[in-house]
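Engineer: Structure file start-v3.txt, compact mmCIF, C-alpha atoms, is pasted below:
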# COMPACT_ATOMS: atom_id res chain seq x y z
CA MET A 17 0.00 0.00 0.00
CA ALA A 18 1.35 3.42 -0.98
CA LYS A 19 2.34 5.73 1.86
CA THR A 20 2.04 9.51 2.12
CA TYR A 21 5.22 11.44 2.95
CA VAL A 22 5.36 15.15 3.85
CA LEU A 23 8.79 16.64 3.10
CA ASP A 24 10.54 19.39 5.05
CA THR A 25 12.69 21.99 3.28
CA ASN A 26 15.94 20.77 4.85
CA VAL A 27 15.59 17.42 3.06
CA LEU A 28 15.69 19.15 -0.34
CA ILE A 29 18.49 21.47 0.78
CA GLN A 30 20.70 18.53 1.67
CA ALA A 31 19.56 16.24 -1.17
CA PRO A 32 17.84 18.07 -4.06
CA TYR A 33 17.17 14.72 -5.73
CA ALA A 34 15.18 13.48 -2.70
CA LEU A 35 11.92 13.60 -4.66
CA GLN A 36 13.20 10.63 -6.65
CA CYS A 37 13.91 8.47 -3.59
CA PHE A 38 10.45 7.48 -2.32
CA GLU A 39 9.56 4.76 -4.83
CA GLU A 40 5.84 4.36 -5.62
CA ASN A 41 4.58 6.52 -2.76
CA HIS A 42 2.78 9.86 -2.53
CA LEU A 43 4.79 12.97 -1.68
CA VAL A 44 3.33 16.19 -0.32
CA LEU A 45 5.19 19.51 -0.26
CA PRO A 46 3.71 22.15 2.06
CA LEU A 47 3.52 25.58 0.44
CA VAL A 48 5.89 26.94 3.08
CA VAL A 49 8.62 24.68 1.64
CA LEU A 50 8.36 26.55 -1.66
CA GLU A 51 8.59 29.85 0.20
CA GLU A 52 11.72 28.71 2.02
CA LEU A 53 13.31 27.48 -1.21
CA ASP A 54 12.59 30.87 -2.73
CA GLY A 55 14.31 32.58 0.19
CA LEU A 56 17.38 30.35 -0.15
CA LYS A 57 17.83 30.38 -3.93
CA LYS A 58 20.27 33.33 -3.82
CA ALA A 59 22.20 32.08 -0.81
CA GLU A 60 25.95 31.55 -1.04
CA GLY A 61 27.47 28.10 -1.17
CA GLU A 62 25.91 24.67 -1.01
CA ARG A 63 22.57 25.74 0.43
CA GLY A 64 21.88 28.15 -2.40
CA TYR A 65 23.07 25.70 -5.03
CA ASN A 66 20.89 22.89 -3.72
CA ALA A 67 17.88 25.19 -3.40
CA ARG A 68 18.25 26.14 -7.06
CA GLN A 69 18.62 22.49 -8.03
CA ALA A 70 15.43 21.59 -6.16
CA ILE A 71 13.57 24.48 -7.80
CA ARG A 72 14.66 23.30 -11.27
CA ILE A 73 13.39 19.80 -10.52
CA LEU A 74 10.06 21.22 -9.34
CA GLU A 75 9.82 23.34 -12.50
CA ARG A 76 10.23 20.28 -14.71
CA LEU A 77 7.47 18.57 -12.74
CA ARG A 78 5.24 21.66 -13.00
CA LEU A 79 5.50 21.52 -16.76
CA SER A 80 4.30 17.93 -16.73
CA GLY A 81 0.99 18.66 -14.98
CA ASP A 82 -0.82 20.41 -12.13
CA LEU A 83 1.21 20.32 -8.90
CA LEU A 84 -1.88 21.22 -6.86
CA THR A 85 -3.75 18.10 -7.91
CA GLY A 86 -0.63 15.95 -8.26
CA VAL A 87 1.87 14.92 -10.92
CA SER A 88 3.50 11.57 -11.59
CA LEU A 89 7.13 11.08 -10.64
CA PRO A 90 9.59 9.15 -12.82
CA ASN A 91 9.79 6.35 -10.22
CA GLY A 92 6.03 5.75 -10.20
CA GLY A 93 5.05 7.88 -7.20
CA THR A 94 3.20 11.20 -7.14
CA LEU A 95 3.91 14.70 -5.88
CA ARG A 96 1.54 17.48 -4.99
CA ILE A 97 1.70 20.81 -3.20
CA GLU A 98 -0.64 21.30 -0.24
CA THR A 99 -2.00 24.80 0.43
CA ASN A 100 -5.32 24.25 2.20
CA CYS A 101 -4.28 24.02 5.85
CA ILE A 102 -4.39 27.56 7.24
CA HIS A 103 -7.37 26.85 9.50
CA GLU A 104 -5.93 23.68 11.01
CA GLU A 105 -5.74 23.99 14.80
CA LEU A 106 -2.48 23.54 16.70
CA PRO A 107 -1.81 23.89 20.44
CA ASP A 108 -1.30 27.49 21.59
CA SER A 109 2.34 26.69 22.29
CA LEU A 110 2.96 26.20 18.54
CA PRO A 111 2.47 29.65 16.94
CA ASP A 112 1.28 29.89 13.33
CA ASP A 113 4.13 32.16 12.19
CA ARG A 114 6.76 29.42 12.47
CA SER A 115 7.60 27.53 9.28
CA ASP A 116 7.97 24.26 11.16
CA ASN A 117 4.51 24.63 12.65
CA ARG A 118 2.98 25.35 9.23
CA ILE A 119 4.43 22.02 8.09
CA LEU A 120 2.87 20.35 11.13
CA LYS A 121 -0.48 21.88 10.13
CA VAL A 122 -0.24 20.10 6.79
CA CYS A 123 0.46 16.82 8.57
CA CYS A 124 -2.55 17.34 10.84
CA HIS A 125 -4.72 18.16 7.83
CA LEU A 126 -3.70 14.87 6.22
CA ARG A 127 -4.08 12.82 9.40
CA SER A 128 -6.63 10.48 7.81
CA LEU A 129 -3.92 9.40 5.35
CA GLU A 130 -1.51 8.60 8.20
CA PRO A 131 1.21 10.87 6.80
CA ILE A 132 4.89 10.44 7.60
CA LEU A 133 6.86 13.64 8.10
CA VAL A 134 10.39 13.45 6.67
CA THR A 135 12.76 16.04 8.14
CA LYS A 136 16.40 16.45 9.10
CA ASP A 137 15.31 18.56 12.07
CA LEU A 138 15.35 16.52 15.28
CA LEU A 139 13.27 19.09 17.17
CA LEU A 140 10.60 19.06 14.48
CA ARG A 141 10.48 15.27 14.75
CA LEU A 142 9.98 15.66 18.50
CA LYS A 143 7.16 18.16 18.01
CA ALA A 144 5.56 15.80 15.50
CA GLN A 145 5.63 13.04 18.09
CA VAL A 146 3.82 15.31 20.57
CA LEU A 147 1.06 15.69 17.96
CA ARG A 148 1.00 11.91 17.34
CA ILE A 149 2.41 12.35 13.84
CA GLU A 150 4.93 9.81 12.62
CA ALA A 151 8.24 11.43 11.69
CA GLN A 152 11.43 10.09 10.16
CA ASP A 153 14.86 11.27 9.14
CA PHE A 154 15.74 11.15 5.43
CA SER A 155 17.39 7.74 5.35
CA THR A 156 18.54 7.39 1.73
CA GLU A 157 21.99 8.83 2.50
CA GLN A 158 22.35 7.16 5.89
CA ILE A 159 24.75 4.39 6.69
CA ASN A 160 23.93 1.57 9.06
CA VAL A 161 25.32 2.57 12.44
CA ARG A 162 24.39 -0.78 13.98
CA GLN A 163 27.19 -2.54 12.14
CA GLN A 164 30.83 -2.01 13.03
CA PRO A 165 32.25 0.88 10.97
CA TYR A 166 34.96 -0.14 8.54
CA LEU A 167 38.32 0.80 10.04
CA GLY A 168 40.52 0.01 7.06
CA ARG A 169 42.79 -2.00 9.38
CA SER A 170 42.62 -5.20 11.39
CA ASP A 171 44.78 -7.44 13.61
CA TRP A 172 45.47 -11.09 12.76
CA TYR A 173 47.40 -14.14 13.90
CA VAL A 174 49.50 -16.34 11.62
CA THR A 175 51.62 -19.42 12.14
CA GLU A 176 55.33 -19.03 12.87
CA ASP A 177 56.29 -20.39 9.43
CA ALA A 178 53.97 -18.01 7.58
CA PHE A 179 55.17 -15.13 9.74
CA ALA A 180 58.81 -15.91 8.91
CA SER A 181 58.18 -15.98 5.14
CA PHE A 182 55.85 -12.96 5.05
CA ARG A 183 58.38 -10.36 3.91
CA ALA A 184 59.63 -12.52 1.07
CA ASP A 185 56.47 -14.21 -0.18
CA GLY A 186 53.45 -12.60 1.42
CA ILE A 187 50.63 -14.72 2.84
CA ASP A 188 47.42 -16.16 1.49
CA PRO A 189 44.65 -14.37 3.49
CA ALA A 190 43.08 -17.77 4.16
CA ALA A 191 46.02 -18.44 6.49
CA LEU A 192 45.14 -15.45 8.70
CA TYR A 193 42.85 -15.89 11.66
CA GLN A 194 41.39 -14.04 14.61
CA LEU A 195 40.17 -15.41 17.92
CA GLY A 196 36.43 -15.28 18.50
CA PRO A 197 34.74 -14.72 21.88
CA ASP A 198 34.83 -18.46 22.43
CA GLY A 199 38.58 -18.56 21.85
CA GLN A 200 38.19 -20.42 18.57
CA PRO A 201 39.84 -19.26 15.32
CA ARG A 202 37.64 -17.41 12.86
CA HIS A 203 38.26 -15.98 9.40
CA PRO A 204 36.31 -12.75 8.72
CA ALA A 205 36.35 -11.36 5.19
CA LEU A 206 39.12 -8.99 4.15
CA TYR A 207 38.78 -6.08 1.75
CA GLU A 208 41.22 -5.04 -0.94
CA ASN A 209 43.73 -2.47 0.40
CA GLU A 210 42.86 -3.28 4.02
CA PHE A 211 45.83 -2.78 6.35
CA LEU A 212 47.01 -5.66 8.51
CA LEU A 213 48.89 -6.03 11.75
CA LEU A 214 50.15 -9.63 11.87
CA ARG A 215 51.23 -11.44 15.02
CA ALA A 216 53.06 -14.73 15.17
CA ASP A 217 50.78 -17.06 17.11
CA ALA A 218 53.57 -18.73 19.08
CA SER A 219 55.36 -15.50 20.03
CA ARG A 220 52.83 -12.72 19.92
CA ASN A 221 55.26 -9.90 20.66
CA LYS A 222 56.56 -10.16 17.08
CA THR A 223 54.55 -8.20 14.50
CA HIS A 224 54.57 -7.41 10.79
CA LEU A 225 52.64 -4.64 9.03
CA GLY A 226 51.07 -5.28 5.67
CA CYS A 227 48.05 -4.79 3.46
CA VAL A 228 45.81 -6.74 1.10
CA ARG A 229 46.80 -6.32 -2.55
CA HIS A 230 45.23 -8.31 -5.37
CA GLY A 231 43.86 -10.82 -2.91
CA ARG A 232 47.12 -11.45 -1.05
CA ALA A 233 48.56 -10.15 2.23
CA VAL A 234 51.82 -8.40 1.38
CA PRO A 235 54.34 -6.16 3.20
CA LEU A 236 54.11 -2.38 3.08
CA LEU A 237 56.10 -0.79 0.25
CA TYR A 238 56.84 2.54 1.95
CA ALA A 239 57.57 1.48 5.52
CA ASP A 240 61.11 2.91 5.31
CA ALA A 241 60.12 6.23 3.75
CA ALA A 242 60.50 9.54 5.57
CA PRO A 243 58.37 12.04 3.65
CA TYR A 244 59.66 15.59 4.19
CA GLY A 245 61.77 14.26 7.05
CA VAL A 246 58.82 12.76 8.93
CA ARG A 247 58.96 9.19 10.16
CA PRO A 248 55.97 7.19 11.44
CA ARG A 249 55.74 6.65 15.19
CA ASN A 250 53.00 4.01 15.39
CA ALA A 251 51.21 1.42 13.28
CA GLY A 252 48.48 3.86 12.25
CA GLN A 253 51.03 6.31 10.87
CA TYR A 254 52.77 3.52 8.93
CA PHE A 255 49.42 2.66 7.36
CA LEU A 256 48.68 6.33 6.70
CA GLN A 257 52.10 6.85 5.11
CA GLU A 258 51.57 3.83 2.85
CA ALA A 259 48.20 5.06 1.57
CA LEU A 260 49.50 8.58 0.96
CA MET A 261 52.76 7.56 -0.70
CA ARG A 262 51.09 5.21 -3.16
CA PRO A 263 50.76 6.92 -6.58
CA ALA A 264 47.44 8.28 -7.74
CA ASP A 265 46.89 5.48 -10.26
CA GLU A 266 47.00 2.95 -7.38
CA ALA A 267 45.40 4.98 -4.61
CA PRO A 268 43.39 7.87 -6.07
CA LEU A 269 41.18 8.07 -2.97
CA VAL A 270 42.41 7.96 0.63
CA ILE A 271 39.97 8.24 3.56
CA VAL A 272 41.45 8.88 6.99
CA LYS A 273 39.35 8.97 10.15
CA GLY A 274 40.70 9.75 13.58
CA GLN A 275 40.62 12.03 16.59
CA ALA A 276 42.62 15.21 17.00
CA GLY A 277 46.37 14.86 17.33
CA THR A 278 46.75 11.65 15.30
CA ALA A 279 48.66 13.54 12.55
CA LYS A 280 46.07 13.19 9.79
CA THR A 281 46.60 16.65 8.33
CA PHE A 282 50.26 16.82 9.29
CA TYR A 283 51.15 13.61 7.48
CA SER A 284 49.05 14.48 4.43
CA LEU A 285 50.92 17.76 4.04
CA ALA A 286 54.29 16.06 4.60
CA VAL A 287 53.73 13.56 1.80
CA GLY A 288 52.43 16.26 -0.54
CA LEU A 289 55.50 18.44 0.07
CA GLU A 290 57.77 15.42 -0.37
CA LYS A 291 56.24 14.65 -3.76
CA ILE A 292 56.33 18.24 -5.02
CA VAL A 293 59.28 19.91 -3.28
CA ASN A 294 61.80 17.28 -2.17
CA HIS A 295 61.42 14.84 -5.05
CA PRO A 296 59.52 16.65 -7.81
CA THR A 297 58.87 13.87 -10.30
CA GLY A 298 55.93 15.69 -11.89
CA GLU A 299 53.46 13.30 -10.28
CA TYR A 300 51.44 16.25 -8.96
CA ARG A 301 51.26 19.87 -10.05
CA ARG A 302 50.17 21.28 -6.71
CA ILE A 303 48.65 20.67 -3.31
CA LEU A 304 45.07 21.93 -3.15
CA ILE A 305 43.44 22.26 0.27
CA CYS A 306 39.78 22.70 1.15
CA ARG A 307 38.53 22.85 4.69
CA PRO A 308 34.74 23.02 5.01
CA ASN A 309 33.12 23.87 8.32
CA ALA A 310 29.71 24.60 9.73
CA GLN A 311 29.74 28.33 8.91
CA PHE A 312 31.72 28.26 5.69
CA ASP A 313 28.96 28.07 3.10
CA THR A 314 26.70 30.61 4.77
CA ASP A 315 29.19 33.24 5.89
CA ILE A 316 31.98 33.39 3.31
CA GLY A 317 30.09 35.68 0.93
CA PHE A 318 29.80 38.39 3.59
CA LEU A 319 33.41 38.40 4.77
CA PRO A 320 35.61 41.22 3.44
CA GLY A 321 38.38 40.71 0.88
CA ASP A 322 39.02 38.35 -2.01
CA GLU A 323 38.60 34.57 -1.92
CA GLN A 324 41.98 33.91 -0.31
CA GLU A 325 41.37 36.50 2.41
CA LYS A 326 37.93 35.05 3.10
CA ILE A 327 39.13 31.50 3.57
CA ALA A 328 42.33 32.43 5.44
CA PRO A 329 40.74 31.94 8.91
CA LEU A 330 39.84 28.36 7.96
CA LEU A 331 43.45 27.60 7.03
CA ARG A 332 45.03 28.45 10.36
CA PRO A 333 45.28 24.75 11.31
CA ILE A 334 47.07 24.15 8.00
CA ARG A 335 49.61 26.86 8.81
CA ASP A 336 50.09 25.35 12.28
CA ASN A 337 51.08 22.07 10.67
CA LEU A 338 53.33 23.79 8.17
CA GLU A 339 55.22 25.48 10.99
CA GLN A 340 56.30 22.05 12.20
CA LEU A 341 57.10 20.79 8.72
CA VAL A 342 59.22 23.68 7.41
CA ASP A 343 61.32 23.73 10.58
CA GLY A 344 61.90 20.33 12.16
CA ASN A 345 63.98 21.73 15.03
CA GLU A 346 61.53 21.81 17.94
CA ASP A 347 63.95 23.71 20.20
CA LEU A 348 64.72 26.57 17.77
CA ARG A 349 61.58 26.63 15.64
CA TYR A 350 60.02 29.75 17.19
CA GLU A 351 63.16 31.81 17.87
CA ASN A 352 62.47 33.85 14.73
CA GLU A 353 58.75 33.73 14.08
CA GLN A 354 58.93 36.34 11.32
CA GLU A 355 61.29 34.15 9.32
CA LEU A 356 59.09 31.11 9.95
CA ALA A 357 56.02 32.98 8.70
CA GLU A 358 57.89 34.12 5.59
CA ARG A 359 58.91 30.55 4.76
CA ILE A 360 55.29 29.44 4.99
CA ASP A 361 54.12 32.43 2.93
CA GLU A 362 56.65 31.46 0.25
CA ILE A 363 55.00 28.05 -0.09
CA PHE A 364 51.68 29.74 -0.80
CA ASP A 365 53.23 32.49 -2.97
CA ARG A 366 54.90 29.86 -5.17
CA GLN A 367 51.50 28.12 -5.35
CA ILE A 368 52.98 24.87 -4.13
CA ILE A 369 49.98 24.85 -1.81
CA GLN A 370 46.75 26.48 -2.90
CA ALA A 371 43.55 26.88 -0.94
CA GLU A 372 40.09 27.18 -2.41
CA ALA A 373 36.55 27.35 -1.17
CA LEU A 374 34.83 23.99 -1.36
CA ASN A 375 32.00 25.60 -3.28
CA PHE A 376 34.35 26.67 -6.12
CA ILE A 377 35.47 23.11 -6.91
CA ARG A 378 32.03 22.18 -8.22
CA GLY A 379 31.99 21.68 -11.97
CA ARG A 380 35.77 21.48 -12.34
CA SER A 381 37.97 18.60 -13.44
CA LEU A 382 41.14 18.47 -11.34
CA GLU A 383 44.17 16.82 -12.95
CA LYS A 384 47.50 15.90 -11.34
CA THR A 385 46.39 17.51 -8.09
CA TYR A 386 47.08 16.38 -4.54
CA LEU A 387 43.73 17.38 -3.03
CA ILE A 388 43.30 17.46 0.75
CA ILE A 389 39.80 17.87 2.17
CA ASP A 390 40.24 18.55 5.87
CA GLU A 391 37.34 18.28 8.33
CA ALA A 392 35.45 16.15 5.81
CA GLN A 393 32.96 15.08 8.49
CA ASN A 394 31.30 18.46 7.92
CA MET A 395 30.47 17.60 4.31
CA THR A 396 27.16 16.18 3.16
CA PRO A 397 27.04 12.96 1.11
CA ASN A 398 26.10 15.06 -1.91
CA GLN A 399 29.16 17.26 -1.41
CA VAL A 400 31.54 14.34 -1.01
CA LYS A 401 30.15 12.76 -4.17
CA GLY A 402 30.71 16.05 -5.98
CA ILE A 403 34.33 16.18 -4.78
CA ILE A 404 35.25 12.59 -5.64
CA THR A 405 33.71 12.85 -9.10
CA ARG A 406 35.91 15.90 -9.82
CA ALA A 407 39.03 13.74 -9.85
CA GLY A 408 40.78 13.86 -13.21
CA LYS A 409 43.79 11.92 -14.40
CA GLY A 410 46.62 11.78 -11.89
CA THR A 411 44.66 13.37 -9.03
CA LYS A 412 44.74 12.00 -5.50
CA ILE A 413 41.90 12.92 -3.13
CA ILE A 414 42.46 12.69 0.63
CA LEU A 415 39.45 12.96 2.93
CA LEU A 416 40.40 13.68 6.54
CA GLY A 417 38.16 14.04 9.54
CA ASP A 418 36.90 13.05 12.96
CA PRO A 419 33.33 11.65 12.85
CA ASN A 420 32.92 12.64 16.51
CA GLN A 421 33.46 16.35 15.78
CA ILE A 422 30.54 17.26 13.50
CA ASP A 423 29.68 20.96 13.58
CA ARG A 424 27.21 21.21 10.72
CA PRO A 425 23.45 21.24 11.41
CA PHE A 426 21.44 18.20 10.25
CA LEU A 427 24.54 15.98 9.97
CA ASP A 428 25.36 13.15 12.36
CA GLU A 429 27.40 9.95 12.48
CA ARG A 430 25.01 8.31 10.00
CA THR A 431 24.73 11.06 7.41
CA ASN A 432 28.02 12.99 7.22
CA GLY A 433 30.00 12.77 4.00
CA LEU A 434 33.12 11.25 5.53
CA MET A 435 31.35 8.20 6.97
CA TYR A 436 29.13 7.91 3.90
CA ALA A 437 32.14 7.77 1.59
CA ALA A 438 33.96 5.34 3.90
CA GLU A 439 31.05 2.91 3.89
CA LYS A 440 30.21 3.13 0.19
CA MET A 441 33.83 2.97 -1.02
CA LYS A 442 35.18 0.25 1.29
CA GLU A 443 35.08 -2.45 -1.42
CA SER A 444 36.63 -0.27 -4.10
CA PRO A 445 40.17 -1.28 -5.20
CA LEU A 446 40.82 2.43 -5.82
CA CYS A 447 40.12 3.48 -2.23
CA TRP A 448 42.49 3.12 0.73
CA GLN A 449 41.21 3.72 4.24
CA VAL A 450 42.72 3.90 7.68
CA THR A 451 41.25 4.80 11.04
CA MET A 452 43.72 6.26 13.53
CA LEU A 453 43.20 4.82 17.00
CA PRO A 454 42.89 7.03 20.12
CA GLY A 455 46.16 5.68 21.52
CA GLU A 456 47.98 6.87 18.37
CA CYS A 457 47.71 10.55 19.28
CA GLU A 458 51.19 12.09 19.03
CA ARG A 459 50.38 15.76 19.66
CA SER A 460 51.35 15.78 23.33
CA GLU A 461 51.04 13.72 26.46
CA LEU A 462 48.13 15.89 27.59
CA ALA A 463 46.32 15.49 24.25
CA LEU A 464 46.70 11.71 24.40
CA ASP A 465 45.57 11.57 28.02
CA ALA A 466 42.54 13.75 27.25
CA ILE A 467 41.51 11.60 24.28
CA LEU A 468 41.69 8.44 26.37
CA ARG A 469 39.92 9.92 29.40
CA LEU A 470 37.33 12.18 27.77
CA SER A 471 36.13 9.90 24.99
Show me the file's structure as structure tokens.

Structural biologist:
Amino acid sequence: MAKTYVLDTNVLIQAPYALQCFEENHLVLPLVVLEELDGLKKAEGERGYNARQAIRILERLRLSGDLLTGVSLPNGGTLRIETNCIHEELPDSLPDDRSDNRILKVCCHLRSLEPILVTKDLLLRLKAQVLRIEAQDFSTEQINVRQQPYLGRSDWYVTEDAFASFRADGIDPAALYQLGPDGQPRHPALYENEFLLLRADASRNKTHLGCVRHGRAVPLLYADAAPYGVRPRNAGQYFLQEALMRPADEAPLVIVKGQAGTAKTFYSLAVGLEKIVNHPTGEYRRILICRPNAQFDTDIGFLPGDEQEKIAPLLRPIRDNLEQLVDGNEDLRYENEQELAERIDEIFDRQIIQAEALNFIRGRSLEKTYLIIDEAQNMTPNQVKGIITRAGKGTKIILLGDPNQIDRPFLDERTNGLMYAAEKMKESPLCWQVTMLPGECERSELALDAILRLS
């Protein structure tokens, strides 16, 4: 039996194509949604772009019939606009001048159809529950949080003989095993490019690091590298270094999740500078950095200055990392801060590193670019799809972020772009992933202690 769904504006703002995602069901758009789309169509950034996309989709549907009585959708459902709800009664505590409450009026008006309100707004879902209206989040872009998130790394046991021959011959993954809760060996599936920490089963203090390549467990290729003078300090950093050092034709997409202080951004910059400055083989033309955040898309158009001046505040963490990279002497690094700042400015002036607004990458094809997207947990699934599909020949895309530090409204651990990309791309042979563990924080003893105690 077909269901009736009432859509909130924020669903279309995050996913303009949402009208195509409800199969053979009936969709209702309250008139206030059109008013809000109209108010957002000139907005800067992703919100304005998505509002315009949604309006274009609605215009194509308008041309196919009468939206007031209902038009057919390509997937077999229907869509109509509801206007006749102004006299619907709500409790006095829900004033009529609020857009959310006008949407609730539509739901009340359609109560006989048992409507389902679809909204990204948790508080609106709570208010709907008070009125005995069923409400749901938009689930098309959600990942399943009940299953264990893919870490891109796993620990295994192997026999002493296999352990001894690993560096020379690799290991058939069928020979790897883990211990289940009952203490018995088990053999979970492995993904291509998954990183491995191998322990000899008779002497478990001995370990090897490796990864799955072409269906075989093999040693890391870049374990001895020191990009821009940086050497890995823990297993996670060895894995991270391997994924970043691999050329773009082998590893065009790298997804790195982890808490603050685990050197995600630092190591990404180090490898980029190694490839372009220390050993310029022509593999990449430049390092391009984008760093979205919760206020970026709405506020950048009103900040003074040109594009670079507008995004400069968002790049302060990048400059902090560069301070450590351009001067490896921790004792003398800040004796002449003017000279240190000039060395960093030179990197930007020579356009070795460039920074752009995330919104300006849309529609471009990036070739031979080392692209770092920092704070990727603040991207929507639609944004991350737009970024990954911009990759041209020779481009490497690196998504960095902490899924526990989401600052953008209507995003959570199920719907942010970083986790969405990690889940959808985990079986791709072109994607390498690694999750940095809390104990791999190298920022300071205090930072490590805080991560372990405050998590």

Engineer: Let me make sure I understand: among A:Arg349, A:Lys280, A:Arg459, A:Lys136, which one has the smallest atom-to-atom distance to Asp418 in chain A if we use all atoms listed in the file?

Structural biologist: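 The closest residue to Asp418 in chain A is A:Lys280.
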
Engineer: To one decimal in Å, tell me the separation between CA of Ile389 in chain A and CA of Ile368 in chain A.

Structural biologist: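 CA of Ile368 in chain A lies 16.2 Å from CA of Ile389 in chain A.
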
Engineer: Mind giving me the straight-line distance from CA of Gln449 in chain A to CA of Leu236 in chain A in Å, one decimal?

Structural biologist: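 Atom-to-atom, CA of Gln449 in chain A to CA of Leu236 in chain A, that is 14.3 Å.
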
Engineer: How big is the axis-aligned box around all listed atoms of range 177-183 of chain A once 5 Å goes on each side, and where's its centre, in Å to one decimal, as JSON?

Structural biologist:
{"center_x": 56.4, "center_y": -15.4, "center_z": 6.8, "size_x": 14.8, "size_y": 20.0, "size_z": 15.8}

Engineer: List the neighbours of range 207-218 of chain A out to 10 Å using only C-alpha atoms; skip same-chain residues closer than 4 positions along the sequence, and give me the result as a count of residues only.

Structural biologist: 50

Engineer: Would you compute the distance between CA of Thr405 in chain A and CA of Pro308 in chain A? Give it in Å to one decimal.

Structural biologist: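 Value for the CA of Thr405 in chain A-CA of Pro308 in chain A distance: 17.4 Å.
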
Engineer: Check the smallest atom-to-atom distance from each of A:Thr297, A:Thr411, A:Gln354, A:Ser284 to Ile334 in chain A using only C-alpha atoms, then report the winner.

Structural biologist: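 For Ile334 in chain A, the nearest of the candidates is A:Ser284.
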
Engineer: Could you tell me which of A:Pro397, A:Gly288, A:Gly433, A:Gly274 comes closest to Met452 in chain A if we count all atoms listed in the file?

Structural biologist: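 Of A:Pro397, A:Gly288, A:Gly433, A:Gly274, the one nearest Met452 in chain A is A:Gly274, counting all atoms listed in the file.
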
Engineer: Smallest atom-to-atom distance to Glu429 in chain A: which of A:Asn100, A:Ala190, A:Arg301, A:Glu157, using all atoms listed in the file?

Structural biologist: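 For Glu429 in chain A, the nearest of the given residues is A:Glu157.
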
Engineer: Taking into account all atoms listed in the file, which residue in the set A:Leu285, A:Glu290, A:Asp54, A:Asp361 is nearest to Ala241 in chain A?

Structural biologist: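 Using all atoms listed in the file, Ala241 in chain A sits closest to A:Glu290.
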
Engineer: May I ask which of the residues A:Leu195, A:Val49, A:Leu79, A:Val146 is the closest one to Leu106 in chain A, counting all atoms listed in the file?

Structural biologist: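 Using all atoms listed in the file, the shortest distance to Leu106 in chain A belongs to A:Val146.
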
Engineer: Skip Ala286 in chain A itself and residues of its chain fewer than 4 positions away, then list as a list of chain:residue names all residues within 9 Å of it, counting all atoms listed in the file.

Structural biologist: A:Pro243, A:Tyr244, A:Gly245, A:Val246, A:Thr281, A:Phe282, A:Glu290, A:Lys291, A:Leu338, A:Leu341
